[in-house]
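Reproduced below: structure.tsv, with TSV, C-alpha atoms and all ligand atoms.
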chain	number	residue	atom	x	y	z
A	1	MET	CA	3.96	20.91	21.35
A	2	GLU	CA	5.55	18.08	19.33
A	3	VAL	CA	3.44	16.41	16.66
A	4	PRO	CA	5.29	13.38	15.23
A	5	PHE	CA	4.30	11.97	11.87
A	6	ILE	CA	4.05	8.49	13.31
A	7	ASP	CA	4.62	7.19	16.81
A	8	LEU	CA	5.61	3.55	16.98
A	9	LYS	CA	6.81	3.92	20.56
A	10	GLN	CA	3.33	4.99	21.62
A	11	ARG	CA	1.91	2.02	19.78
A	12	TYR	CA	4.26	-0.18	21.79
A	13	GLU	CA	3.17	1.46	25.05
A	14	GLU	CA	-0.48	0.92	24.17
A	15	GLU	CA	0.00	-2.74	23.24
A	16	LYS	CA	2.99	-3.68	25.37
A	17	ASP	CA	1.42	-6.52	27.35
A	18	GLU	CA	-0.10	-8.24	24.33
A	19	LEU	CA	3.03	-7.80	22.20
A	20	LEU	CA	5.28	-9.25	24.87
A	21	GLU	CA	2.87	-12.18	25.19
A	22	CYS	CA	3.27	-12.75	21.43
A	23	VAL	CA	7.07	-12.77	21.80
A	24	GLU	CA	6.95	-15.12	24.78
A	25	ARG	CA	4.50	-17.51	23.14
A	26	THR	CA	6.58	-17.65	19.97
A	27	LEU	CA	9.87	-18.22	21.74
A	28	GLU	CA	8.43	-20.77	24.15
A	29	ASN	CA	6.98	-22.62	21.21
A	30	GLY	CA	10.51	-22.95	19.85
A	31	SER	CA	9.40	-23.31	16.27
A	32	LEU	CA	9.84	-20.16	14.20
A	33	VAL	CA	9.33	-20.83	10.50
A	34	LEU	CA	6.22	-22.04	8.61
A	35	THR	CA	4.44	-23.23	11.74
A	36	PRO	CA	0.65	-23.58	12.10
A	37	GLU	CA	0.54	-20.05	13.61
A	38	LEU	CA	1.32	-18.67	10.16
A	39	GLY	CA	-1.54	-20.73	8.74
A	40	GLU	CA	-3.82	-19.31	11.44
A	41	LEU	CA	-2.88	-15.77	10.46
A	42	GLU	CA	-3.49	-16.55	6.79
A	43	GLN	CA	-6.94	-17.95	7.60
A	44	GLN	CA	-7.79	-14.92	9.74
A	45	VAL	CA	-6.77	-12.58	6.92
A	46	CYS	CA	-9.00	-14.58	4.57
A	47	ASP	CA	-11.87	-14.15	7.04
A	48	PHE	CA	-11.19	-10.42	7.36
A	49	THR	CA	-10.75	-9.65	3.66
A	50	GLY	CA	-12.98	-12.30	2.09
A	51	ALA	CA	-10.02	-13.67	0.10
A	52	GLN	CA	-10.02	-17.39	-0.66
A	53	HIS	CA	-6.26	-17.60	-0.24
A	54	CYS	CA	-3.67	-15.60	1.68
A	55	ILE	CA	0.04	-16.38	1.67
A	56	GLY	CA	2.36	-14.78	4.22
A	57	LEU	CA	5.55	-13.34	2.71
A	58	ASN	CA	8.55	-11.28	3.75
A	59	SER	CA	7.27	-8.04	2.21
A	60	GLY	CA	4.70	-6.40	0.00
A	61	THR	CA	7.41	-6.14	-2.65
A	62	ASP	CA	7.68	-9.94	-2.70
A	63	GLY	CA	3.90	-10.01	-3.13
A	64	LEU	CA	4.24	-7.85	-6.24
A	65	LEU	CA	7.03	-9.99	-7.67
A	66	MET	CA	5.12	-13.19	-7.02
A	67	SER	CA	1.93	-11.77	-8.56
A	68	LEU	CA	3.93	-11.11	-11.71
A	69	TRP	CA	5.72	-14.49	-11.63
A	70	ALA	CA	2.48	-16.36	-11.10
A	71	ALA	CA	0.94	-14.49	-14.04
A	72	GLY	CA	3.88	-15.56	-16.23
A	73	ILE	CA	4.82	-11.97	-16.97
A	74	THR	CA	8.28	-11.79	-18.43
A	75	ARG	CA	10.64	-10.16	-20.92
A	76	GLY	CA	8.85	-8.29	-23.68
A	77	ASP	CA	5.61	-7.94	-21.73
A	78	GLU	CA	4.30	-4.54	-20.69
A	79	VAL	CA	2.55	-3.68	-17.45
A	80	ILE	CA	0.55	-0.46	-17.14
A	81	HIS	CA	0.67	1.32	-13.80
A	82	PRO	CA	0.58	4.88	-12.44
A	83	PRO	CA	3.61	7.12	-11.88
A	84	ILE	CA	2.42	7.88	-8.35
A	85	SER	CA	3.36	5.02	-6.05
A	86	PHE	CA	6.23	3.68	-4.00
A	87	ILE	CA	9.11	2.69	-6.26
A	88	ALA	CA	8.49	-1.03	-5.55
A	89	THR	CA	5.66	-1.06	-8.11
A	90	THR	CA	7.92	-0.25	-11.03
A	91	GLY	CA	10.85	-2.13	-9.48
A	92	ALA	CA	8.91	-5.40	-9.42
A	93	ILE	CA	7.82	-5.01	-13.06
A	94	HIS	CA	11.42	-4.26	-14.07
A	95	HIS	CA	12.80	-7.23	-12.14
A	96	VAL	CA	10.65	-9.80	-13.92
A	97	GLY	CA	12.12	-8.41	-17.15
A	98	ALA	CA	8.89	-6.72	-18.24
A	99	THR	CA	8.61	-3.11	-19.39
A	100	PRO	CA	7.02	-0.63	-16.99
A	101	VAL	CA	4.48	1.50	-18.86
A	102	TYR	CA	3.03	4.48	-17.04
A	103	CYS	CA	-0.46	5.90	-17.31
A	104	ASP	CA	-1.12	9.30	-15.76
A	105	VAL	CA	-3.26	9.74	-12.66
A	106	GLY	CA	-6.37	11.80	-11.98
A	107	GLU	CA	-6.60	14.59	-9.42
A	108	ASP	CA	-7.07	11.91	-6.75
A	109	SER	CA	-3.51	10.61	-7.44
A	110	LEU	CA	-4.92	7.27	-8.64
A	111	ILE	CA	-4.50	5.80	-12.12
A	112	ASP	CA	-6.86	7.54	-14.55
A	113	ALA	CA	-8.85	4.63	-15.99
A	114	SER	CA	-9.94	6.74	-18.97
A	115	LYS	CA	-6.30	7.00	-20.11
A	116	ILE	CA	-5.36	3.31	-19.84
A	117	ALA	CA	-6.60	2.25	-23.29
A	118	GLU	CA	-4.22	4.63	-25.09
A	119	LYS	CA	-1.26	2.93	-23.38
A	120	ILE	CA	-2.18	-0.56	-24.54
A	121	THR	CA	0.01	-2.22	-27.19
A	122	PRO	CA	0.13	-5.83	-28.46
A	123	ASN	CA	2.67	-6.47	-25.67
A	124	THR	CA	0.49	-5.28	-22.82
A	125	LYS	CA	-0.27	-8.13	-20.43
A	126	ALA	CA	-1.52	-6.52	-17.24
A	127	ILE	CA	-2.72	-3.43	-15.45
A	128	MET	CA	-1.29	-2.84	-11.99
A	129	PRO	CA	-3.49	-0.26	-10.26
A	130	VAL	CA	-2.10	1.21	-7.04
A	131	HIS	CA	-4.50	1.98	-4.19
A	132	TRP	CA	-2.34	4.88	-3.13
A	133	ALA	CA	-2.64	6.09	0.46
A	134	GLY	CA	-5.14	3.27	0.99
A	135	MET	CA	-7.61	4.92	-1.41
A	136	MET	CA	-9.16	2.35	-3.70
A	137	CYS	CA	-8.97	3.00	-7.45
A	138	ASP	CA	-12.12	3.05	-9.54
A	139	MET	CA	-11.98	-0.71	-10.02
A	140	GLU	CA	-15.19	-0.90	-12.04
A	141	ALA	CA	-13.71	1.32	-14.75
A	142	ILE	CA	-10.38	-0.53	-14.63
A	143	GLN	CA	-12.12	-3.91	-14.89
A	144	ASP	CA	-14.03	-2.67	-17.95
A	145	VAL	CA	-10.76	-1.82	-19.73
A	146	ALA	CA	-9.12	-5.08	-18.64
A	147	ASP	CA	-12.10	-7.12	-19.87
A	148	LYS	CA	-12.32	-5.23	-23.17
A	149	TYR	CA	-8.63	-5.78	-24.01
A	150	GLY	CA	-8.14	-9.17	-22.33
A	151	LEU	CA	-5.67	-7.92	-19.71
A	152	LEU	CA	-4.92	-9.24	-16.26
A	153	ILE	CA	-5.32	-7.04	-13.20
A	154	LEU	CA	-2.58	-7.43	-10.60
A	155	GLU	CA	-3.25	-4.98	-7.80
A	156	ASP	CA	-0.64	-3.11	-5.87
A	157	SER	CA	-2.80	-3.17	-2.79
A	158	ALA	CA	0.22	-2.80	-0.49
A	159	GLN	CA	-1.52	0.07	1.32
A	160	ALA	CA	-5.05	-1.27	1.05
A	161	MET	CA	-5.43	-3.51	4.12
A	162	GLY	CA	-8.85	-2.39	5.37
A	163	SER	CA	-9.80	-0.65	2.08
A	164	TYR	CA	-12.89	-1.66	0.12
A	165	TYR	CA	-14.58	-0.74	-3.12
A	166	LYS	CA	-18.28	-1.53	-3.31
A	167	GLY	CA	-17.93	-4.12	-0.55
A	168	LEU	CA	-14.92	-5.96	-1.97
A	169	HIS	CA	-11.55	-5.73	-0.22
A	170	GLY	CA	-8.51	-4.34	-2.03
A	171	GLY	CA	-6.43	-7.00	-3.75
A	172	LEU	CA	-9.42	-9.13	-4.79
A	173	PHE	CA	-10.43	-7.45	-8.03
A	174	GLY	CA	-7.90	-9.11	-10.26
A	175	GLN	CA	-5.81	-12.25	-10.28
A	176	SER	CA	-3.91	-11.29	-7.14
A	177	GLY	CA	-2.96	-8.40	-4.89
A	178	CYS	CA	-0.17	-7.74	-2.42
A	179	ILE	CA	-0.39	-6.35	1.11
A	180	SER	CA	2.50	-4.68	2.93
A	181	CYS	CA	2.85	-5.06	6.70
A	182	HIS	CA	5.66	-2.49	6.91
A	183	PRO	CA	5.64	-0.53	10.20
A	184	LEU	CA	4.10	2.56	8.59
A	185	LYS	CA	0.96	0.71	7.50
A	186	VAL	CA	-2.28	0.67	9.52
A	187	TRP	CA	-1.82	-3.06	10.13
A	188	ASN	CA	1.82	-3.64	10.74
A	189	ALA	CA	4.42	-6.13	11.81
A	190	VAL	CA	7.42	-5.14	13.92
A	191	GLY	CA	9.58	-5.00	10.81
A	192	ASP	CA	9.00	-6.00	7.21
A	193	GLY	CA	6.28	-8.41	6.24
A	194	GLY	CA	3.75	-8.89	3.49
A	195	LEU	CA	1.00	-11.03	2.03
A	196	LEU	CA	-0.45	-12.06	-1.26
A	197	LEU	CA	-4.22	-12.31	-1.61
A	198	THR	CA	-5.89	-14.24	-4.38
A	199	ASN	CA	-9.06	-16.12	-5.21
A	200	ASP	CA	-7.19	-18.27	-7.73
A	201	GLU	CA	-6.10	-21.61	-6.30
A	202	GLU	CA	-3.45	-22.19	-8.96
A	203	VAL	CA	-1.85	-18.82	-8.19
A	204	ALA	CA	-1.98	-19.55	-4.46
A	205	ASN	CA	-0.29	-22.91	-4.92
A	206	LYS	CA	2.46	-21.37	-7.04
A	207	VAL	CA	3.09	-18.58	-4.53
A	208	ARG	CA	3.29	-21.09	-1.66
A	209	LEU	CA	6.04	-22.78	-3.64
A	210	TYR	CA	7.82	-19.53	-4.59
A	211	ARG	CA	8.06	-18.42	-1.00
A	212	ASN	CA	9.77	-21.61	0.13
A	213	HIS	CA	12.37	-22.24	-2.60
A	214	GLY	CA	9.91	-24.18	-4.70
A	215	THR	CA	10.03	-27.12	-2.30
A	216	GLU	CA	7.06	-29.47	-2.19
A	217	SER	CA	8.90	-31.41	0.47
A	218	ARG	CA	12.43	-31.24	1.80
A	219	ASP	CA	13.93	-33.29	-1.03
A	220	ASN	CA	11.55	-32.36	-3.77
A	221	VAL	CA	12.03	-29.00	-5.49
A	222	VAL	CA	9.45	-28.58	-8.23
A	223	ILE	CA	10.20	-24.99	-9.33
A	224	TYR	CA	12.81	-22.40	-8.36
A	225	GLY	CA	11.69	-20.00	-5.69
A	226	ILE	CA	13.15	-17.81	-3.00
A	227	ASN	CA	12.98	-17.46	0.76
A	228	SER	CA	9.99	-15.25	1.55
A	229	ARG	CA	8.32	-16.91	4.51
A	230	LEU	CA	6.61	-14.49	6.87
A	231	ASP	CA	8.24	-15.07	10.27
A	232	VAL	CA	6.08	-16.64	12.95
A	233	LEU	CA	6.79	-13.82	15.41
A	234	HIS	CA	5.37	-11.37	12.85
A	235	ALA	CA	2.44	-13.72	12.29
A	236	GLU	CA	1.64	-13.73	16.01
A	237	ILE	CA	1.84	-9.96	16.22
A	238	LEU	CA	-0.21	-9.51	13.06
A	239	LYS	CA	-2.88	-11.85	14.42
A	240	PHE	CA	-3.13	-9.72	17.53
A	241	ARG	CA	-3.13	-6.49	15.53
A	242	LEU	CA	-5.83	-7.77	13.19
A	243	THR	CA	-8.15	-7.50	16.17
A	244	LYS	CA	-7.20	-3.80	16.37
A	245	ILE	CA	-7.25	-2.78	12.72
A	246	ASN	CA	-10.81	-1.45	12.60
A	247	ASP	CA	-10.16	0.63	15.69
A	248	VAL	CA	-6.90	2.01	14.22
A	249	ILE	CA	-8.65	2.98	10.99
A	250	ALA	CA	-11.60	4.53	12.86
A	251	ARG	CA	-9.27	6.66	14.99
A	252	ARG	CA	-7.36	7.81	11.92
A	253	ARG	CA	-10.60	8.58	10.06
A	254	LYS	CA	-11.74	10.65	13.04
A	255	ASN	CA	-8.48	12.63	12.95
A	256	ALA	CA	-8.81	13.16	9.20
A	257	ASN	CA	-12.38	14.39	9.67
A	258	LEU	CA	-11.22	16.85	12.29
A	259	TYR	CA	-8.66	18.24	9.84
A	260	ARG	CA	-11.43	18.51	7.25
A	261	GLU	CA	-13.45	20.56	9.70
A	262	LEU	CA	-10.61	22.77	10.94
A	263	ILE	CA	-8.45	23.50	7.91
A	264	THR	CA	-10.27	26.38	6.33
A	265	THR	CA	-7.79	27.72	3.79
A	266	ASP	CA	-8.38	27.22	0.05
A	267	SER	CA	-4.63	26.67	-0.36
A	268	VAL	CA	-4.94	23.14	1.01
A	269	ILE	CA	-6.91	20.38	-0.69
A	270	LEU	CA	-7.58	17.40	1.57
A	271	PRO	CA	-8.63	13.93	0.41
A	272	VAL	CA	-12.40	13.62	0.62
A	273	GLU	CA	-14.34	10.94	2.49
A	274	ARG	CA	-15.77	8.73	-0.28
A	275	THR	CA	-18.01	6.26	1.55
A	276	ASP	CA	-21.13	7.55	-0.26
A	277	GLU	CA	-19.58	6.46	-3.54
A	278	GLY	CA	-18.81	2.97	-2.24
A	279	TYR	CA	-15.20	3.52	-1.24
A	280	VAL	CA	-13.86	2.64	2.20
A	281	ASP	CA	-10.33	3.98	2.61
A	282	SER	CA	-7.80	2.62	5.11
A	283	TYR	CA	-6.30	6.03	5.98
A	284	VAL	CA	-2.81	4.64	5.85
A	285	MET	CA	-1.72	8.17	4.86
A	286	PHE	CA	-3.58	11.46	4.74
A	287	ILE	CA	-1.99	13.38	1.90
A	288	ALA	CA	-2.95	16.99	1.29
A	289	LYS	CA	-2.21	18.93	-1.87
A	290	VAL	CA	-0.93	22.32	-0.80
A	291	ASP	CA	0.39	25.57	-2.24
A	292	ARG	CA	4.04	26.45	-1.45
A	293	ARG	CA	4.55	22.95	-0.10
A	294	ASP	CA	8.21	23.16	0.91
A	295	GLU	CA	7.71	26.46	2.73
A	296	LEU	CA	4.70	25.06	4.59
A	297	LYS	CA	6.64	21.93	5.57
A	298	ASP	CA	9.49	24.05	7.02
A	299	PHE	CA	7.00	26.32	8.78
A	300	LEU	CA	5.26	23.37	10.43
A	301	GLU	CA	8.60	21.84	11.37
A	302	SER	CA	9.58	25.06	13.15
A	303	PHE	CA	6.60	24.40	15.46
A	304	GLY	CA	7.51	20.75	16.06
A	305	ILE	CA	5.01	19.41	13.53
A	306	GLN	CA	6.35	16.63	11.35
A	307	ALA	CA	4.71	16.45	7.93
A	308	MET	CA	6.19	14.25	5.20
A	309	ILE	CA	6.43	14.40	1.42
A	310	TYR	CA	5.01	11.20	-0.14
A	311	TYR	CA	6.53	11.46	-2.76
A	312	GLY	CA	8.16	14.48	-4.31
A	313	THR	CA	9.26	12.65	-7.48
A	314	ALA	CA	6.96	10.85	-9.88
A	315	LEU	CA	8.24	7.33	-10.61
A	316	HIS	CA	9.11	8.01	-14.26
A	317	LEU	CA	11.48	10.83	-13.28
A	318	HIS	CA	13.84	8.76	-11.15
A	319	LYS	CA	17.33	8.11	-12.53
A	320	ALA	CA	16.53	4.37	-12.58
A	321	ALA	CA	13.68	5.03	-15.04
A	322	GLN	CA	15.88	6.77	-17.62
A	323	GLN	CA	16.51	3.44	-19.39
A	324	TYR	CA	12.84	3.46	-20.42
A	325	GLY	CA	13.12	6.88	-22.07
A	326	TYR	CA	10.64	8.79	-19.93
A	327	LYS	CA	11.10	12.53	-19.44
A	328	LYS	CA	9.67	15.47	-17.58
A	329	GLY	CA	6.31	16.48	-18.98
A	330	ASP	CA	5.24	12.93	-19.91
A	331	PHE	CA	2.71	12.68	-17.05
A	332	PRO	CA	1.76	16.24	-16.21
A	333	VAL	CA	-0.93	15.49	-13.64
A	334	ALA	CA	1.33	13.20	-11.61
A	335	GLU	CA	4.21	15.67	-11.82
A	336	ARG	CA	2.04	18.55	-10.65
A	337	ILE	CA	0.66	16.50	-7.78
A	338	CYS	CA	4.17	15.42	-6.68
A	339	ASP	CA	5.12	19.10	-6.39
A	340	SER	CA	2.27	19.77	-3.96
A	341	VAL	CA	1.87	16.70	-1.74
A	342	LEU	CA	2.29	16.86	1.99
A	343	ALA	CA	1.20	14.00	4.27
A	344	LEU	CA	-0.18	15.30	7.56
A	345	PRO	CA	0.31	13.49	10.87
A	346	HIS	CA	-3.01	11.71	11.50
A	347	HIS	CA	-1.97	8.50	13.29
A	348	GLN	CA	-4.17	6.92	15.92
A	349	HIS	CA	-2.18	8.17	18.91
A	350	LEU	CA	-2.68	11.86	18.20
A	351	GLU	CA	-4.70	13.87	20.67
A	352	GLU	CA	-7.39	16.28	19.52
A	353	ASP	CA	-5.34	19.30	20.68
A	354	GLN	CA	-2.45	18.17	18.48
A	355	ILE	CA	-4.71	18.05	15.41
A	356	ARG	CA	-6.13	21.46	16.35
A	357	PHE	CA	-2.59	22.81	16.65
A	358	VAL	CA	-1.58	21.51	13.20
A	359	ALA	CA	-4.74	22.92	11.59
A	360	GLU	CA	-4.25	26.27	13.33
A	361	LYS	CA	-0.66	26.51	12.09
A	362	ILE	CA	-1.68	25.59	8.54
A	363	ASN	CA	-4.41	28.23	8.51
A	364	GLU	CA	-1.97	30.74	10.01
A	365	PHE	CA	0.64	30.01	7.33
A	366	TYR	CA	-1.76	30.96	4.56
A	367	GLY	CA	-3.00	33.98	6.50
B	1	LIG	C1	2.22	1.26	-2.99
B	1	LIG	C2	3.27	0.34	-2.43
B	1	LIG	N1	3.66	-0.70	-3.15
B	1	LIG	C3	4.56	-1.58	-2.68
B	1	LIG	C4	5.13	-1.42	-1.43
B	1	LIG	C5	6.15	-2.37	-0.97
B	1	LIG	O1	5.83	-2.98	0.25
B	1	LIG	P1	6.99	-3.44	1.24
B	1	LIG	O2	7.64	-2.23	1.78
B	1	LIG	O3	6.28	-4.24	2.28
B	1	LIG	O4	7.92	-4.27	0.45
B	1	LIG	C6	4.74	-0.33	-0.64
B	1	LIG	C7	5.33	-0.14	0.68
B	1	LIG	O5	5.33	0.91	1.24
B	1	LIG	C8	3.79	0.57	-1.16
B	1	LIG	O6	3.40	1.64	-0.44
Now that the file is in, can you turn its structure into structure tokens?
Amino acid sequence: MEVPFIDLKQRYEEEKDELLECVERTLENGSLVLTPELGELEQQVCDFTGAQHCIGLNSGTDGLLMSLWAAGITRGDEVIHPPISFIATTGAIHHVGATPVYCDVGEDSLIDASKIAEKITPNTKAIMPVHWAGMMCDMEAIQDVADKYGLLILEDSAQAMGSYYKGLHGGLFGQSGCISCHPLKVWNAVGDGGLLLTNDEEVANKVRLYRNHGTESRDNVVIYGINSRLDVLHAEILKFRLTKINDVIARRRKNANLYRELITTDSVILPVERTDEGYVDSYVMFIAKVDRRDELKDFLESFGIQAMIYYGTALHLHKAAQQYGYKKGDFPVAERICDSVLALPHHQHLEEDQIRFVAEKINEFYG
């Protein structure tokens, strides 16, 4: 039995008719950039998330960069974030000229709010929490620190479409938050795409300018920007897939719950369901912490089961981070977690017997 980590071809099979309608409608329309369809998507995302403003961009990474630009973060400023994330978090901070400052994570892989204060210096301007694997951070605790020290919160909510903390959607706790629509996300385009969410009108207006070369009109450039306009074909597909997102998350949650029931070994720690504590997670990834990770991964692979390491290297230990003077041992919790993480296949197209097979093989591996 083959158990792929993700199956985009199956997604296409399931949605073929609707997706082809999106393509046809877009091409027949003949207008492909910044059309009203993009505005419709943005409004629908506002309705879904509760955001006052949504701006469609080319990627979640652009959302991070524009959050930082709009906040005026620049050379000499410091931004606190966790060493467990996708590299884009640190990359965006670096590219606005600011200094990436790490704060270790807790056992849940999310920034440890109790350790943020010790990282604050007179140069600290913002905290960038990462809702890793679609699991919301403890935003109440993070907001307390931000309020106490007068810091902005700019969320890396790239993975948090469909994630909530105490009723509020990811990306809406601070000044702005990004969303990634990369194909591996629960709500995805057919290539790269992203959004910025904000309740701040001034930020929204700036980001609308940034994404279109700072042009107010064709012959009137008011600031310098870039080209980061979410394509209309993506917008059409994302509109359609927004009607599916709750179903996708529910199917993934069901798969995760089945793993929770079936994996009986103490050598595997699975993420817990946290709805009782006010967290709704998007299940974009289902990352276990396991003993003898690399051996288990190879063992599963030998049975056709594709599990993935997200990620094996904490952000501060990449070669690119050497310029900031970080070294092994600086963030022991993150480093330990990176040595043990293994994301299990849990996507919405899996059948129950595939999940049972994976669980059986994991239990078998640990004897
Ligand atoms: C936590 C995190 N931040 C930022 C990004 C960047 O998003 P994108 O790939 O859409 O640029 C990702 C994408 O995977 C991510 O997972």
Name the residues, by chain letter and number, that sit within 8 Å of ligand LIG 1 (chain B) using all atoms listed in the file, and give them as a PDB file with C-alpha atoms, in the frame of the given file.
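As written to disk, pocket12.pdb reads:
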ATOM      1  CA  ASN A  58       8.550 -11.280   3.750  1.00  0.00           C
ATOM      2  CA  SER A  59       7.270  -8.040   2.210  1.00  0.00           C
ATOM      3  CA  GLY A  60       4.700  -6.400   0.000  1.00  0.00           C
ATOM      4  CA  THR A  61       7.410  -6.140  -2.650  1.00  0.00           C
ATOM      5  CA  ASP A  62       7.680  -9.940  -2.700  1.00  0.00           C
ATOM      6  CA  GLY A  63       3.900 -10.010  -3.130  1.00  0.00           C
ATOM      7  CA  LEU A  64       4.240  -7.850  -6.240  1.00  0.00           C
ATOM      8  CA  SER A  85       3.360   5.020  -6.050  1.00  0.00           C
ATOM      9  CA  PHE A  86       6.230   3.680  -4.000  1.00  0.00           C
ATOM     10  CA  ILE A  87       9.110   2.690  -6.260  1.00  0.00           C
ATOM     11  CA  ALA A  88       8.490  -1.030  -5.550  1.00  0.00           C
ATOM     12  CA  THR A  89       5.660  -1.060  -8.110  1.00  0.00           C
ATOM     13  CA  VAL A 130      -2.100   1.210  -7.040  1.00  0.00           C
ATOM     14  CA  HIS A 131      -4.500   1.980  -4.190  1.00  0.00           C
ATOM     15  CA  TRP A 132      -2.340   4.880  -3.130  1.00  0.00           C
ATOM     16  CA  ALA A 133      -2.640   6.090   0.460  1.00  0.00           C
ATOM     17  CA  ASP A 156      -0.640  -3.110  -5.870  1.00  0.00           C
ATOM     18  CA  SER A 157      -2.800  -3.170  -2.790  1.00  0.00           C
ATOM     19  CA  ALA A 158       0.220  -2.800  -0.490  1.00  0.00           C
ATOM     20  CA  GLN A 159      -1.520   0.070   1.320  1.00  0.00           C
ATOM     21  CA  CYS A 178      -0.170  -7.740  -2.420  1.00  0.00           C
ATOM     22  CA  ILE A 179      -0.390  -6.350   1.110  1.00  0.00           C
ATOM     23  CA  SER A 180       2.500  -4.680   2.930  1.00  0.00           C
ATOM     24  CA  CYS A 181       2.850  -5.060   6.700  1.00  0.00           C
ATOM     25  CA  HIS A 182       5.660  -2.490   6.910  1.00  0.00           C
ATOM     26  CA  LEU A 184       4.100   2.560   8.590  1.00  0.00           C
ATOM     27  CA  LYS A 185       0.960   0.710   7.500  1.00  0.00           C
ATOM     28  CA  ASP A 192       9.000  -6.000   7.210  1.00  0.00           C
ATOM     29  CA  GLY A 193       6.280  -8.410   6.240  1.00  0.00           C
ATOM     30  CA  GLY A 194       3.750  -8.890   3.490  1.00  0.00           C
TER      31      GLY A 194
END
Could you pull the residues within 9 Å of Tyr165 (chain A), counting only C-alpha atoms, minus those fewer than 2 positions along the same chain, as a list in words?
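Those residues are Met136, Cys137, Asp138, Met139, Glu140, Ser163, Gly167, Leu168, His169, Gly170, Glu277, Gly278, Tyr279, Val280 and Asp281 of chain A.
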From the list A:His53, A:His234, A:Arg292, A:Lys254, which residue is nearest Gly171 (chain A) when using only C-alpha atoms?
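Answer, going by the shortest atom-to-atom distance: A:His53.
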To one decimal place in Å, what is the distance between CA of Arg229 (chain A) and CA of Trp69 (chain A)?
16.5 Å
Which value, in Å to one decimal, gives the distance between CA of Val96 (chain A) and CA of Leu68 (chain A)?
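One can read the CA of Val96 (chain A) to CA of Leu68 (chain A) distance as 7.2 Å.
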Could you work out how far CA of Asp276 (chain A) lies from CA of Gln52 (chain A), giving the answer in Å with one decimal?
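If I compute the distance from CA of Gln52 (chain A) to CA of Asp276 (chain A), I get 27.3 Å.
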Name the closest residue to Thr90 (chain A) among the candidates A:Leu317, A:Leu41, A:Val203, A:Ile269; distances are taken between atoms, counting only C-alpha atoms.
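Nearest to Thr90 (chain A): A:Leu317.
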Write out as a PDB file with C-alpha atoms, keeping the file's coordinate frame each polymer residue whose atoms come within 7 Å of Ser176 (chain A), counting only C-alpha atoms; drop sequence neighbours fewer than 3 positions from it.
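Produced file selection-v8.pdb, reproduced below:
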ATOM      1  CA  SER A  67       1.930 -11.770  -8.560  1.00  0.00           C
ATOM      2  CA  LEU A 154      -2.580  -7.430 -10.600  1.00  0.00           C
ATOM      3  CA  GLU A 155      -3.250  -4.980  -7.800  1.00  0.00           C
ATOM      4  CA  GLY A 171      -6.430  -7.000  -3.750  1.00  0.00           C
ATOM      5  CA  LEU A 172      -9.420  -9.130  -4.790  1.00  0.00           C
ATOM      6  CA  LEU A 196      -0.450 -12.060  -1.260  1.00  0.00           C
ATOM      7  CA  LEU A 197      -4.220 -12.310  -1.610  1.00  0.00           C
ATOM      8  CA  THR A 198      -5.890 -14.240  -4.380  1.00  0.00           C
TER       9      THR A 198
END
Is it possible to dump region 39-70 of chain A as a PDB file, in the first residue's frame, including just C-alpha atoms?
ATOM      1  CA  GLY A  39     -11.601  42.012  -4.869  1.00  0.00           C
ATOM      2  CA  GLU A  40     -14.333  39.385  -4.481  1.00  0.00           C
ATOM      3  CA  LEU A  41     -11.833  36.896  -3.092  1.00  0.00           C
ATOM      4  CA  GLU A  42     -10.468  39.504  -0.688  1.00  0.00           C
ATOM      5  CA  GLN A  43     -13.982  40.272   0.557  1.00  0.00           C
ATOM      6  CA  GLN A  44     -14.764  36.574   0.983  1.00  0.00           C
ATOM      7  CA  VAL A  45     -11.574  36.084   2.999  1.00  0.00           C
ATOM      8  CA  CYS A  46     -12.603  39.036   5.183  1.00  0.00           C
ATOM      9  CA  ASP A  47     -15.988  37.370   5.712  1.00  0.00           C
ATOM     10  CA  PHE A  48     -14.350  34.032   6.539  1.00  0.00           C
ATOM     11  CA  THR A  49     -11.648  35.345   8.874  1.00  0.00           C
ATOM     12  CA  GLY A  50     -13.341  38.427  10.305  1.00  0.00           C
ATOM     13  CA  ALA A  51     -10.497  40.634   9.031  1.00  0.00           C
ATOM     14  CA  GLN A  52     -11.376  44.188   8.039  1.00  0.00           C
ATOM     15  CA  HIS A  53      -8.896  44.137   5.174  1.00  0.00           C
ATOM     16  CA  CYS A  54      -7.361  41.414   3.021  1.00  0.00           C
ATOM     17  CA  ILE A  55      -4.872  42.066   0.239  1.00  0.00           C
ATOM     18  CA  GLY A  56      -4.036  39.349  -2.288  1.00  0.00           C
ATOM     19  CA  LEU A  57      -0.300  38.921  -2.898  1.00  0.00           C
ATOM     20  CA  ASN A  58       2.062  36.609  -4.751  1.00  0.00           C
ATOM     21  CA  SER A  59       3.132  34.682  -1.644  1.00  0.00           C
ATOM     22  CA  GLY A  60       3.061  34.471   2.114  1.00  0.00           C
ATOM     23  CA  THR A  61       6.676  35.652   2.070  1.00  0.00           C
ATOM     24  CA  ASP A  62       5.559  38.897   0.415  1.00  0.00           C
ATOM     25  CA  GLY A  63       2.976  39.197   3.188  1.00  0.00           C
ATOM     26  CA  LEU A  64       5.759  39.013   5.778  1.00  0.00           C
ATOM     27  CA  LEU A  65       7.888  41.576   3.949  1.00  0.00           C
ATOM     28  CA  MET A  66       4.972  43.950   3.556  1.00  0.00           C
ATOM     29  CA  SER A  67       3.975  43.574   7.227  1.00  0.00           C
ATOM     30  CA  LEU A  68       7.489  44.681   8.121  1.00  0.00           C
ATOM     31  CA  TRP A  69       7.579  47.497   5.541  1.00  0.00           C
ATOM     32  CA  ALA A  70       4.214  48.818   6.636  1.00  0.00           C
TER      33      ALA A  70
END
